[in-house]
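Source file: query31.txt. Holds: compact mmCIF, C-alpha atoms.
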```txt
# COMPACT_ATOMS: atom_id res chain seq x y z
CA MET A 1 -111.60 -99.82 62.36
CA ASP A 2 -112.65 -101.26 59.06
CA GLY A 3 -114.96 -103.72 60.84
CA VAL A 4 -118.22 -102.28 59.55
CA ALA A 5 -117.08 -101.98 55.94
CA GLU A 6 -115.74 -105.55 55.86
CA SER A 7 -118.99 -107.03 57.13
CA GLN A 8 -120.78 -105.52 54.11
CA ARG A 9 -118.78 -107.54 51.61
CA THR A 10 -119.18 -111.12 50.53
CA LEU A 11 -116.43 -113.18 52.10
CA TYR A 12 -117.66 -116.74 51.54
CA PRO A 13 -120.90 -118.44 50.55
CA TYR A 14 -123.26 -119.92 53.17
CA VAL A 15 -126.11 -121.83 51.53
CA THR A 16 -124.96 -123.26 48.25
CA GLY A 17 -126.36 -125.20 45.32
CA SER A 18 -124.27 -127.72 43.42
CA SER A 19 -123.88 -128.15 39.66
CA VAL A 20 -126.21 -127.14 36.85
CA VAL A 21 -125.95 -128.91 33.47
CA ALA A 22 -127.57 -127.70 30.26
CA ILE A 23 -127.60 -128.69 26.58
CA LYS A 24 -128.99 -127.45 23.31
CA TYR A 25 -131.26 -129.93 21.60
CA LYS A 26 -133.42 -129.97 18.49
CA ASP A 27 -136.24 -127.75 19.74
CA GLY A 28 -134.43 -125.62 22.34
CA ILE A 29 -132.60 -125.96 25.62
CA LEU A 30 -132.71 -128.62 28.32
CA MET A 31 -131.42 -127.77 31.77
CA ALA A 32 -131.02 -129.94 34.86
CA ALA A 33 -130.12 -129.27 38.48
CA ASP A 34 -130.71 -130.99 41.77
CA MET A 35 -132.86 -129.38 44.44
CA GLY A 36 -130.40 -129.28 47.28
CA GLY A 37 -129.25 -126.27 49.29
CA SER A 38 -126.26 -127.16 51.43
CA TYR A 39 -125.22 -125.24 54.53
CA GLY A 40 -121.57 -126.21 54.56
CA SER A 41 -121.59 -129.97 54.83
CA THR A 42 -125.21 -130.14 56.08
CA LEU A 43 -127.91 -130.81 53.53
CA ARG A 44 -130.16 -128.08 54.92
CA TYR A 45 -132.74 -127.48 52.18
CA LYS A 46 -134.05 -130.19 49.91
CA SER A 47 -136.59 -128.38 47.75
CA VAL A 48 -134.67 -125.46 46.33
CA GLU A 49 -135.66 -124.61 42.77
CA ARG A 50 -132.39 -123.66 41.16
CA ILE A 51 -133.83 -123.27 37.67
CA LYS A 52 -136.25 -120.41 37.02
CA PRO A 53 -137.81 -118.96 33.87
CA VAL A 54 -136.89 -115.39 32.97
CA GLY A 55 -139.27 -113.45 30.75
CA LYS A 56 -140.72 -115.31 27.79
CA HIS A 57 -137.56 -116.62 26.22
CA SER A 58 -135.05 -117.68 28.86
CA LEU A 59 -134.24 -120.11 31.64
CA LEU A 60 -131.78 -119.28 34.40
CA GLY A 61 -130.02 -121.98 36.38
CA ALA A 62 -127.72 -121.14 39.28
CA SER A 63 -125.16 -122.84 41.44
CA GLY A 64 -123.40 -121.24 44.38
CA GLU A 65 -124.90 -118.97 47.02
CA ILE A 66 -128.70 -119.30 47.00
CA SER A 67 -129.38 -115.88 48.51
CA ASP A 68 -127.35 -114.25 45.74
CA PHE A 69 -129.39 -116.24 43.20
CA GLN A 70 -132.56 -114.85 44.75
CA GLU A 71 -131.10 -111.35 44.55
CA ILE A 72 -130.34 -111.90 40.86
CA LEU A 73 -133.93 -113.03 40.31
CA ARG A 74 -135.09 -109.75 41.85
CA TYR A 75 -132.80 -107.79 39.46
CA LEU A 76 -134.18 -109.77 36.54
CA ASP A 77 -137.75 -109.23 37.69
CA GLU A 78 -137.18 -105.52 37.48
CA LEU A 79 -135.45 -105.85 34.10
CA ILE A 80 -138.31 -107.85 32.62
CA LEU A 81 -140.87 -105.51 34.17
CA TYR A 82 -139.33 -102.48 32.51
CA ASP A 83 -139.07 -104.42 29.27
CA ASN A 84 -142.77 -105.27 29.42
CA MET A 85 -143.73 -101.71 30.30
CA TRP A 86 -142.41 -100.50 26.95
CA ASP A 87 -145.26 -102.54 25.51
CA ASP A 88 -143.64 -102.34 22.08
CA GLY A 89 -143.98 -105.94 21.00
CA ASN A 90 -140.29 -106.51 21.66
CA SER A 91 -139.01 -108.70 24.43
CA LEU A 92 -135.57 -109.42 25.83
CA GLY A 93 -134.11 -112.59 24.39
CA PRO A 94 -131.66 -114.95 26.09
CA LYS A 95 -128.66 -113.23 24.52
CA GLU A 96 -129.71 -109.91 26.01
CA VAL A 97 -130.41 -111.38 29.44
CA HIS A 98 -127.04 -113.14 29.40
CA ASN A 99 -125.32 -109.90 28.51
CA TYR A 100 -127.11 -108.10 31.34
CA LEU A 101 -126.14 -110.79 33.83
CA THR A 102 -122.53 -110.70 32.67
CA ARG A 103 -122.37 -106.95 33.24
CA VAL A 104 -123.95 -107.29 36.70
CA MET A 105 -121.54 -110.05 37.75
CA TYR A 106 -118.50 -108.24 36.38
CA ASN A 107 -119.42 -104.96 38.03
CA ARG A 108 -119.90 -106.62 41.40
CA ARG A 109 -116.51 -108.31 41.00
CA ASN A 110 -114.97 -104.91 40.25
CA LYS A 111 -116.31 -103.63 43.57
CA PHE A 112 -114.85 -106.69 45.34
CA ASN A 113 -118.35 -107.73 46.42
CA PRO A 114 -119.24 -110.57 44.07
CA LEU A 115 -122.50 -112.43 43.68
CA TRP A 116 -121.19 -115.86 44.53
CA ASN A 117 -122.81 -117.79 41.67
CA ALA A 118 -122.15 -119.60 38.46
CA LEU A 119 -125.14 -118.98 36.22
CA VAL A 120 -126.41 -120.86 33.20
CA LEU A 121 -128.65 -118.90 30.86
CA GLY A 122 -130.45 -120.73 28.09
CA GLY A 123 -133.30 -119.86 25.80
CA VAL A 124 -134.86 -119.70 22.36
CA LYS A 125 -136.05 -116.66 20.48
CA ASN A 126 -137.40 -116.74 16.96
CA GLY A 127 -136.04 -120.22 16.46
CA GLN A 128 -132.53 -119.19 17.49
CA LYS A 129 -131.22 -121.29 20.37
CA TYR A 130 -128.83 -119.74 22.88
CA LEU A 131 -126.94 -121.27 25.80
CA GLY A 132 -124.40 -119.39 27.89
CA MET A 133 -122.69 -119.32 31.24
CA VAL A 134 -121.37 -116.56 33.49
CA ASN A 135 -119.58 -116.93 36.82
CA MET A 136 -118.84 -114.79 39.85
CA ILE A 137 -115.83 -113.00 38.39
CA GLY A 138 -117.55 -112.29 35.08
CA ILE A 139 -116.09 -115.03 32.89
CA ASN A 140 -118.72 -115.78 30.27
CA PHE A 141 -119.10 -117.77 27.10
CA GLU A 142 -121.70 -119.60 25.07
CA ASP A 143 -121.56 -123.13 23.80
CA ASN A 144 -123.70 -126.12 22.81
CA HIS A 145 -123.43 -127.55 26.29
CA VAL A 146 -122.44 -125.95 29.58
CA ALA A 147 -122.10 -126.95 33.21
CA THR A 148 -121.13 -125.31 36.47
CA GLY A 149 -118.89 -126.42 39.32
CA LEU A 150 -118.16 -130.13 39.43
CA GLY A 151 -120.31 -130.52 36.33
CA ASN A 152 -117.39 -129.06 34.36
CA HIS A 153 -115.21 -131.94 35.48
CA LEU A 154 -117.75 -134.77 35.37
CA ALA A 155 -120.52 -133.83 32.94
CA ARG A 156 -118.71 -131.88 30.16
CA PRO A 157 -116.53 -134.87 29.13
CA ILE A 158 -119.66 -137.00 28.74
CA LEU A 159 -121.32 -134.22 26.76
CA ARG A 160 -118.26 -133.72 24.55
CA ASP A 161 -118.44 -137.37 23.66
CA GLU A 162 -122.18 -137.86 23.25
CA TRP A 163 -123.72 -134.50 22.38
CA HIS A 164 -124.61 -133.87 18.76
CA GLU A 165 -126.83 -131.45 16.85
CA ASN A 166 -130.53 -132.23 16.74
CA LEU A 167 -130.85 -134.43 19.78
CA THR A 168 -134.48 -135.36 20.29
CA PHE A 169 -136.13 -134.48 23.56
CA GLU A 170 -135.90 -138.08 24.81
CA GLU A 171 -132.23 -138.35 23.84
CA GLY A 172 -131.51 -135.03 25.53
CA VAL A 173 -133.19 -136.03 28.77
CA LYS A 174 -131.37 -139.36 28.76
CA LEU A 175 -128.06 -137.57 28.27
CA LEU A 176 -128.75 -135.12 31.08
CA GLU A 177 -129.82 -137.96 33.38
CA LYS A 178 -126.55 -139.71 32.64
CA CYS A 179 -124.64 -136.58 33.65
CA MET A 180 -126.72 -136.04 36.78
CA ARG A 181 -126.25 -139.68 37.80
CA VAL A 182 -122.47 -139.35 37.62
CA LEU A 183 -122.69 -136.17 39.66
CA LEU A 184 -124.92 -137.91 42.19
CA TYR A 185 -122.39 -140.70 42.67
CA ARG A 186 -119.36 -138.48 42.83
CA ASP A 187 -120.37 -134.99 44.06
CA ARG A 188 -120.56 -134.87 47.83
CA SER A 189 -123.08 -132.02 47.78
CA ALA A 190 -125.46 -133.58 45.25
CA VAL A 191 -128.90 -134.75 46.33
CA ASN A 192 -131.15 -137.28 44.60
CA LYS A 193 -133.96 -134.94 43.71
CA ILE A 194 -133.53 -133.66 40.18
CA GLN A 195 -135.43 -131.02 38.31
CA ILE A 196 -135.27 -130.82 34.53
CA SER A 197 -136.57 -127.81 32.63
CA LYS A 198 -136.99 -127.27 28.94
CA ILE A 199 -137.47 -124.16 26.90
CA THR A 200 -138.55 -124.03 23.28
CA ASP A 201 -140.09 -121.42 21.06
CA GLU A 202 -143.45 -122.42 22.54
CA GLY A 203 -142.40 -121.62 26.09
CA VAL A 204 -140.99 -122.98 29.31
CA THR A 205 -141.82 -126.32 30.91
CA VAL A 206 -140.49 -127.11 34.38
CA PHE A 207 -140.93 -130.80 35.00
CA PRO A 208 -141.82 -132.11 38.45
CA PRO A 209 -138.87 -133.28 40.55
CA PHE A 210 -137.84 -136.91 40.27
CA SER A 211 -135.20 -139.27 41.65
CA LEU A 212 -132.57 -141.10 39.69
CA LYS A 213 -132.24 -144.84 40.05
CA THR A 214 -128.92 -145.63 41.63
CA TYR A 215 -127.05 -148.88 42.00
CA TRP A 216 -124.79 -149.33 44.97
CA GLU A 217 -124.01 -153.03 44.60
CA PHE A 218 -120.98 -152.52 42.41
CA SER A 219 -118.18 -154.57 43.92
CA ALA A 220 -115.95 -151.53 43.75
CA PHE A 221 -118.40 -149.64 45.95
CA LYS A 222 -118.77 -152.52 48.38
CA ASN A 223 -115.10 -153.23 48.68
CA PRO A 224 -113.51 -149.96 47.65
CA THR A 225 -109.99 -150.83 48.78
CA VAL A 226 -109.67 -154.25 47.15
CA GLY A 227 -106.55 -154.28 45.01
CA ALA A 228 -105.29 -150.92 46.26
CA GLU A 229 -101.69 -150.98 47.35
CA GLY A 230 -101.13 -150.55 51.07
CA SER A 231 -104.84 -150.55 52.01
CA TRP A 232 -106.96 -152.90 54.10
CA MET B 1 -108.65 -108.16 64.86
CA THR B 2 -106.53 -108.68 61.76
CA LYS B 3 -108.00 -107.61 58.46
CA GLN B 4 -109.97 -110.39 56.76
CA HIS B 5 -108.44 -111.42 53.48
CA ALA B 6 -110.50 -112.39 50.50
CA ASN B 7 -110.54 -116.10 49.71
CA TRP B 8 -111.38 -115.47 46.12
CA SER B 9 -109.36 -113.82 43.40
CA PRO B 10 -110.86 -111.24 41.05
CA TYR B 11 -108.54 -112.55 38.34
CA ASP B 12 -108.26 -115.76 36.39
CA ASN B 13 -106.20 -116.72 33.39
CA ASN B 14 -108.23 -118.11 30.54
CA GLY B 15 -105.13 -118.81 28.48
CA GLY B 16 -104.56 -118.71 24.74
CA SER B 17 -102.07 -117.14 22.39
CA CYS B 18 -102.24 -114.18 20.03
CA VAL B 19 -100.01 -113.24 17.12
CA ALA B 20 -99.87 -110.32 14.71
CA ILE B 21 -97.58 -109.78 11.73
CA ALA B 22 -97.32 -106.57 9.69
CA GLY B 23 -96.59 -106.63 5.97
CA ALA B 24 -95.98 -103.97 3.32
CA ASP B 25 -99.68 -103.64 2.51
CA TYR B 26 -101.43 -106.14 4.79
CA CYS B 27 -101.66 -107.20 8.41
CA VAL B 28 -102.32 -110.66 9.79
CA ILE B 29 -103.82 -111.02 13.26
CA ALA B 30 -104.41 -114.47 14.73
CA ALA B 31 -105.47 -116.10 17.99
CA ASP B 32 -106.50 -119.58 19.06
CA THR B 33 -110.10 -120.21 20.11
CA ARG B 34 -109.61 -122.17 23.31
CA MET B 35 -110.89 -120.79 26.60
CA SER B 36 -109.59 -122.56 29.71
CA THR B 37 -109.59 -122.19 33.46
CA GLY B 38 -107.08 -124.07 35.54
CA TYR B 39 -106.78 -127.49 33.93
CA ASN B 40 -110.28 -127.37 32.43
CA ILE B 41 -111.38 -126.33 28.98
CA LEU B 42 -114.48 -124.16 29.19
CA THR B 43 -115.09 -123.93 25.48
CA ARG B 44 -113.26 -124.72 22.26
CA ASP B 45 -114.89 -122.05 20.15
CA TYR B 46 -114.26 -118.63 21.69
CA SER B 47 -113.00 -115.73 19.60
CA LYS B 48 -110.29 -113.57 21.14
CA ILE B 49 -110.25 -111.22 18.17
CA SER B 50 -112.25 -108.02 18.01
CA GLN B 51 -112.48 -105.55 15.15
CA LEU B 52 -112.33 -102.16 16.78
CA ALA B 53 -112.36 -100.04 13.61
CA ASP B 54 -112.20 -100.40 9.84
CA LYS B 55 -108.45 -100.82 9.93
CA SER B 56 -107.79 -101.91 13.52
CA VAL B 57 -108.13 -105.43 14.81
CA MET B 58 -107.20 -106.41 18.34
CA ALA B 59 -106.38 -109.86 19.66
CA SER B 60 -106.29 -110.26 23.43
CA SER B 61 -105.59 -113.14 25.75
CA GLY B 62 -105.62 -113.27 29.54
CA PHE B 63 -108.64 -112.88 31.79
CA GLN B 64 -111.64 -113.14 29.51
CA ALA B 65 -114.04 -110.92 31.51
CA ASP B 66 -111.48 -108.08 31.50
CA VAL B 67 -110.83 -108.63 27.78
CA LYS B 68 -114.57 -108.41 27.06
CA ALA B 69 -114.88 -105.22 29.15
CA LEU B 70 -111.85 -103.71 27.38
CA GLN B 71 -113.27 -104.51 23.94
CA LYS B 72 -116.57 -102.91 24.95
CA VAL B 73 -114.91 -99.76 26.26
CA LEU B 74 -112.85 -99.33 23.08
CA SER B 75 -115.85 -100.01 20.83
CA ALA B 76 -117.87 -97.41 22.69
CA ARG B 77 -115.07 -94.86 22.49
CA HIS B 78 -114.69 -95.52 18.78
CA LEU B 79 -118.39 -94.94 18.24
CA ILE B 80 -118.16 -91.60 20.05
CA TYR B 81 -115.10 -90.69 17.96
CA GLN B 82 -117.05 -91.44 14.79
CA HIS B 83 -119.91 -89.24 15.96
CA GLN B 84 -117.54 -86.39 16.80
CA HIS B 85 -115.11 -86.58 13.85
CA ASN B 86 -117.22 -88.19 11.14
CA LYS B 87 -114.49 -90.67 10.31
CA GLN B 88 -112.98 -93.93 11.45
CA MET B 89 -110.11 -93.95 13.95
CA SER B 90 -106.72 -94.68 12.42
CA CYS B 91 -104.77 -97.63 13.77
CA PRO B 92 -102.06 -95.52 15.46
CA ALA B 93 -104.81 -93.46 17.12
CA MET B 94 -106.53 -96.61 18.37
CA ALA B 95 -103.17 -97.81 19.62
CA GLN B 96 -102.78 -94.72 21.79
CA LEU B 97 -106.38 -95.05 23.03
CA LEU B 98 -105.78 -98.65 24.05
CA SER B 99 -102.65 -97.68 25.92
CA ASN B 100 -104.44 -94.90 27.78
CA THR B 101 -107.41 -97.14 28.59
CA LEU B 102 -105.11 -99.76 30.06
CA TYR B 103 -103.14 -97.28 32.14
CA TYR B 104 -106.34 -95.73 33.42
CA LYS B 105 -106.73 -98.93 35.45
CA ARG B 106 -103.10 -98.98 36.51
CA PHE B 107 -104.01 -99.85 40.12
CA PHE B 108 -106.58 -102.56 39.33
CA PRO B 109 -105.43 -103.60 35.86
CA TYR B 110 -107.24 -105.22 33.01
CA TYR B 111 -105.56 -108.61 32.97
CA ALA B 112 -105.41 -108.53 29.20
CA PHE B 113 -102.40 -109.12 26.97
CA ASN B 114 -103.02 -107.45 23.66
CA VAL B 115 -101.70 -107.18 20.18
CA LEU B 116 -103.25 -104.57 17.96
CA GLY B 117 -102.89 -104.97 14.21
CA GLY B 118 -104.04 -102.96 11.25
CA LEU B 119 -103.16 -100.60 8.43
CA ASP B 120 -101.73 -97.16 9.15
CA SER B 121 -102.78 -94.00 7.32
CA GLU B 122 -100.41 -94.88 4.45
CA GLY B 123 -101.91 -98.34 4.03
CA LYS B 124 -98.83 -100.09 5.43
CA GLY B 125 -99.27 -102.88 7.94
CA CYS B 126 -98.72 -101.97 11.58
CA VAL B 127 -98.62 -104.02 14.75
CA PHE B 128 -98.62 -102.67 18.31
CA THR B 129 -97.82 -104.84 21.28
CA TYR B 130 -98.89 -104.16 24.86
CA ASP B 131 -98.43 -105.25 28.43
CA ALA B 132 -101.30 -105.32 30.94
CA VAL B 133 -100.90 -101.70 32.02
CA GLY B 134 -100.56 -100.03 28.63
CA SER B 135 -96.87 -99.91 27.84
CA TYR B 136 -96.76 -100.22 24.04
CA GLU B 137 -94.52 -100.15 21.03
CA ARG B 138 -94.96 -100.31 17.28
CA VAL B 139 -93.28 -103.41 15.91
CA GLY B 140 -93.24 -105.52 12.77
CA TYR B 141 -94.65 -108.60 14.51
CA SER B 142 -95.51 -109.75 18.00
CA SER B 143 -97.12 -112.47 20.09
CA GLN B 144 -98.80 -112.39 23.52
CA GLY B 145 -100.44 -114.88 25.80
CA SER B 146 -99.63 -118.31 27.18
CA GLY B 147 -97.82 -119.48 24.06
CA SER B 148 -95.87 -116.28 23.45
CA THR B 149 -92.67 -117.62 25.00
CA LEU B 150 -92.77 -120.43 22.45
CA ILE B 151 -93.90 -118.32 19.50
CA MET B 152 -91.85 -115.14 19.84
CA PRO B 153 -88.36 -116.67 19.42
CA PHE B 154 -89.59 -118.49 16.34
CA LEU B 155 -90.96 -115.29 14.84
CA ASP B 156 -87.67 -113.54 15.65
CA ASN B 157 -85.86 -116.27 13.79
CA GLN B 158 -88.12 -116.16 10.72
CA LEU B 159 -88.84 -112.47 10.40
CA LYS B 160 -85.37 -111.10 11.14
CA SER B 161 -86.38 -107.74 12.49
CA PRO B 162 -83.77 -104.95 12.29
CA SER B 163 -82.66 -103.63 15.63
CA PRO B 164 -84.65 -100.61 16.86
CA LEU B 165 -81.30 -99.03 17.76
CA LEU B 166 -80.19 -98.72 14.16
CA LEU B 167 -79.76 -95.30 12.62
CA PRO B 168 -81.30 -94.39 10.24
CA ALA B 169 -84.37 -96.31 11.50
CA LYS B 170 -85.12 -99.34 9.36
CA ASP B 171 -88.62 -100.58 8.69
CA ALA B 172 -89.60 -103.54 10.84
CA VAL B 173 -92.31 -104.58 8.42
CA THR B 174 -91.75 -107.98 6.90
CA PRO B 175 -90.98 -108.46 3.20
CA LEU B 176 -93.01 -111.68 3.22
CA SER B 177 -96.05 -111.92 0.97
CA GLU B 178 -99.51 -112.19 2.50
CA ALA B 179 -99.83 -115.89 1.74
CA GLU B 180 -96.42 -116.60 3.23
CA ALA B 181 -97.29 -114.67 6.39
CA VAL B 182 -100.57 -116.59 6.82
CA ASP B 183 -98.67 -119.83 6.33
CA LEU B 184 -96.14 -118.77 8.96
CA VAL B 185 -98.95 -118.03 11.41
CA LYS B 186 -100.45 -121.47 10.85
CA THR B 187 -97.07 -123.10 11.42
CA VAL B 188 -96.50 -121.08 14.54
CA PHE B 189 -99.81 -122.07 16.11
CA ALA B 190 -99.41 -125.72 15.24
CA SER B 191 -96.06 -125.67 17.02
CA ALA B 192 -97.27 -123.75 20.07
CA THR B 193 -100.22 -126.17 20.40
CA GLU B 194 -97.78 -129.06 20.78
CA ARG B 195 -96.21 -127.74 23.94
CA ASP B 196 -98.58 -125.18 25.44
CA ILE B 197 -101.57 -126.81 27.11
CA TYR B 198 -103.62 -123.65 26.90
CA THR B 199 -103.26 -123.27 23.13
CA GLY B 200 -105.20 -125.44 20.73
CA ASP B 201 -108.60 -126.38 19.26
CA LYS B 202 -108.69 -123.86 16.39
CA VAL B 203 -106.82 -120.82 15.20
CA GLU B 204 -108.75 -117.84 13.89
CA ILE B 205 -106.77 -115.76 11.40
CA VAL B 206 -107.87 -112.29 10.33
CA ILE B 207 -106.22 -110.67 7.32
CA LEU B 208 -106.55 -106.93 6.78
CA ASN B 209 -105.55 -105.41 3.48
CA ALA B 210 -106.53 -102.70 1.02
CA SER B 211 -109.47 -104.75 -0.28
CA GLY B 212 -110.91 -105.22 3.19
CA ILE B 213 -111.00 -107.91 5.83
CA ARG B 214 -110.89 -111.69 5.52
CA ARG B 215 -111.16 -114.51 8.05
CA GLU B 216 -109.63 -117.99 7.95
CA TYR B 217 -109.81 -120.87 10.39
CA MET B 218 -107.55 -123.83 10.90
CA ASP B 219 -108.09 -126.80 13.18
CA LEU B 220 -105.49 -127.44 15.85
CA ARG B 221 -104.88 -130.35 18.17
CA LYS B 222 -107.61 -130.65 20.77
CA ASP B 223 -105.58 -132.26 23.55
```

Here is a file; write its structure as structure tokens.
Amino acid sequence: MDGVAESQRTLYPYVTGSSVVAIKYKDGILMAADMGGSYGSTLRYKSVERIKPVGKHSLLGASGEISDFQEILRYLDELILYDNMWDDGNSLGPKEVHNYLTRVMYNRRNKFNPLWNALVLGGVKNGQKYLGMVNMIGINFEDNHVATGLGNHLARPILRDEWHENLTFEEGVKLLEKCMRVLLYRDRSAVNKIQISKITDEGVTVFPPFSLKTYWEFSAFKNPTVGAEGSW
Amino acid sequence: MTKQHANWSPYDNNGGSCVAIAGADYCVIAADTRMSTGYNILTRDYSKISQLADKSVMASSGFQADVKALQKVLSARHLIYQHQHNKQMSCPAMAQLLSNTLYYKRFFPYYAFNVLGGLDSEGKGCVFTYDAVGSYERVGYSSQGSGSTLIMPFLDNQLKSPSPLLLPAKDAVTPLSEAEAVDLVKTVFASATERDIYTGDKVEIVILNASGIRREYMDLRKD
């Protein structure tokens, strides 16, 4: 029986993180994600850090299976370690890390045992900003703003409208908060504990978690079926 | 216990159209720059064109991760060829390599729909068109991808290719000038953008001729 072989392969995710949203701004990259880890429809973990620094020049944000994200962090640890051991003054930039991740994700997909994640990789090296995304089947691209999961549906349209070159830090944070607020209202698996991280040529800053102010007194929220045909 | 079936697919279609037209002494290769998944646009600025050798340029649409992997494999093989033969691969040679590479994965294919364009050893334009598993043919012009059903009949109408059954064999290469061919490509993409939801944003046009390689861009509708 194939029973043993099947149980070695990823079939579906168990503990998942919801969207990650990231933008390029004047000095570097800003990335935001909530701190929830859902176990199906249960909000099991509420302090999951889904954005982590990688080496000196990159930030990695992940949505999807949390254990696979932790596995990826272990791979990257080893990658950065070997890079440091060369001790040659060179260090892997965000483009290189993104390429490495893309190859890892694609190769796992080829073996029908994917790492069930959508990853956002952003960073700055020598003044050059880089922001890219790669998902569980290896699709990857770079752009001025990226998002995973429901963020593609809800956040990207806002970013397409309001993103522009040379956003200041304050403008960037405000824009990300706007996206995260929409996700909070409309994504079932979102949780109101947001972490924003920034990376510039000077380094990484992970800001302490905070909550977004929400307003639930909209008449449409209070009486959602008013005016809808056939409802009560 | 019945065998568990995967609830994820290793493939996706990221859409887009590719076109290539061969001329007497030039070749035009073009593709749009939209990358989609389902009904979403992932990015509006993604190049589907890859220069494999001095005189070979490939445009591929389909599943982007497979396209990327295919481009990497061919680039690597070309580098090895250069090390071993101290020269660039000719376009017909690259065409055969692409076909073999695709067929190598006959039972887990690269979901990539390719057109290869370039100049042959005599400096004449050549275009090769492929399916996902490596079946290929040298033609005077071709299109692949989501908009190909809209584009191909139009190219047939405009470029009046002689039948491959004719004897003696007639050249399929178009008598159009380079400027006219580029103009035709722009027209073709503007039209495909109207009706194909996966084609749009921008078209990237690469022109290969005796003096080298040139790139042009044209904005397309973004809806």

Could you tell me which residues of chain A sit within 9 Å of chain B when counting all atoms listed in the file, and give me the result as JSON, numbers by chain? {"A": [2, 3, 6, 10, 11, 12, 102, 103, 106, 109, 110, 112, 114, 136, 137, 138, 139, 140, 141, 142, 143, 146, 152, 153, 156]}

By how many Å are atom CA of Ile29 of chain A and atom CA of His145 of chain A apart? 9.3 Å

Calculated over all atoms listed in the file, which of the candidates B:Leu70, B:Ala22, B:Ser56, B:His83 has the smallest distance to Val139 of chain B? B:Ala22

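In this structure, atom CA of His78 of chain B sits 18.7 Å away from atom CA of Gly212 of chain B.
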
Determine the nearest neighbour of Asp131 of chain B from the options B:Asn13, B:Ser61, B:Gln158, B:Thr187, counting only C-alpha atoms. B:Ser61

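For the residues A:Thr168, A:Asn99, A:Thr200, A:Ser63, ranking by smallest atom-to-atom distance to Asn126 of chain A using only C-alpha atoms places A:Thr200 first.
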
Which residues, written as JSON, numbers by chain, have at least one atom at most 6 Å from segment 174-187 of chain A, with all atoms listed in the file counted and residues fewer than 3 positions away on the same chain left out? {"A": [155, 171, 190]}

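The coordinates place atom CA of Met105 of chain A at 7.2 Å from atom CA of Asn135 of chain A.
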
Taking all atoms listed in the file into account, which of A:Tyr130, A:Tyr82, A:Tyr39, A:Tyr14 comes nearest His57 of chain A? A:Tyr130

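For the choices B:Leu176, B:Ala169, B:Ala181, B:Ala93, the atom-to-atom distance to Ile207 of chain B is smallest for B:Ala181 when using all atoms listed in the file.
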
Write out as a JSON list (two decimals) with C-alpha atoms, in the frame of the given file the residues lying within 9 Å of Ala192 of chain B, counting all atoms listed in the file and excluding same-chain residues fewer than 2 positions away.
```json
[["chain", "number", "residue", "atom", "x", "y", "z"],
["B", 17, "SER", "CA", -102.07, -117.14, 22.39],
["B", 147, "GLY", "CA", -97.82, -119.48, 24.06],
["B", 148, "SER", "CA", -95.87, -116.28, 23.45],
["B", 150, "LEU", "CA", -92.77, -120.43, 22.45],
["B", 151, "ILE", "CA", -93.90, -118.32, 19.50],
["B", 187, "THR", "CA", -97.07, -123.10, 11.42],
["B", 188, "VAL", "CA", -96.50, -121.08, 14.54],
["B", 189, "PHE", "CA", -99.81, -122.07, 16.11],
["B", 190, "ALA", "CA", -99.41, -125.72, 15.24],
["B", 194, "GLU", "CA", -97.78, -129.06, 20.78],
["B", 195, "ARG", "CA", -96.21, -127.74, 23.94],
["B", 196, "ASP", "CA", -98.58, -125.18, 25.44],
["B", 197, "ILE", "CA", -101.57, -126.81, 27.11],
["B", 199, "THR", "CA", -103.26, -123.27, 23.13],
["B", 200, "GLY", "CA", -105.20, -125.44, 20.73]]
```

Compile the contact shell of Val115 of chain B as JSON, numbers by chain: residues with an atom at most 10 Å away, counting only C-alpha atoms, same-chain residues fewer than 2 positions apart removed. {"B": [18, 19, 20, 21, 29, 30, 31, 49, 57, 58, 59, 60, 61, 95, 112, 113, 117, 127, 128, 129, 130, 131, 136, 141, 142, 143, 144, 145]}

Repaired coordinates for segment 28-33 of chain A (N, CA, C and O atoms) as a JSON list (two decimals), in the coordinates of the input:
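Here's the written file out-v1.json:
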```
[["chain", "number", "residue", "atom", "x", "y", "z"],
["A", 28, "GLY", "N", -134.76, -126.71, 21.41],
["A", 28, "GLY", "CA", -134.43, -125.62, 22.34],
["A", 28, "GLY", "C", -133.34, -126.01, 23.31],
["A", 28, "GLY", "O", -132.29, -126.53, 22.92],
["A", 29, "ILE", "N", -133.60, -125.72, 24.58],
["A", 29, "ILE", "CA", -132.60, -125.96, 25.62],
["A", 29, "ILE", "C", -133.17, -126.89, 26.68],
["A", 29, "ILE", "O", -134.35, -126.77, 27.05],
["A", 30, "LEU", "N", -132.34, -127.79, 27.18],
["A", 30, "LEU", "CA", -132.71, -128.62, 28.32],
["A", 30, "LEU", "C", -131.75, -128.32, 29.45],
["A", 30, "LEU", "O", -130.53, -128.28, 29.23],
["A", 31, "MET", "N", -132.29, -128.12, 30.64],
["A", 31, "MET", "CA", -131.42, -127.77, 31.77],
["A", 31, "MET", "C", -131.78, -128.64, 32.97],
["A", 31, "MET", "O", -132.96, -128.90, 33.21],
["A", 32, "ALA", "N", -130.76, -129.09, 33.70],
["A", 32, "ALA", "CA", -131.02, -129.94, 34.86],
["A", 32, "ALA", "C", -130.21, -129.48, 36.05],
["A", 32, "ALA", "O", -129.06, -129.04, 35.91],
["A", 33, "ALA", "N", -130.83, -129.59, 37.24],
["A", 33, "ALA", "CA", -130.12, -129.27, 38.48],
["A", 33, "ALA", "C", -130.80, -130.04, 39.60],
["A", 33, "ALA", "O", -131.99, -130.36, 39.50]]
```
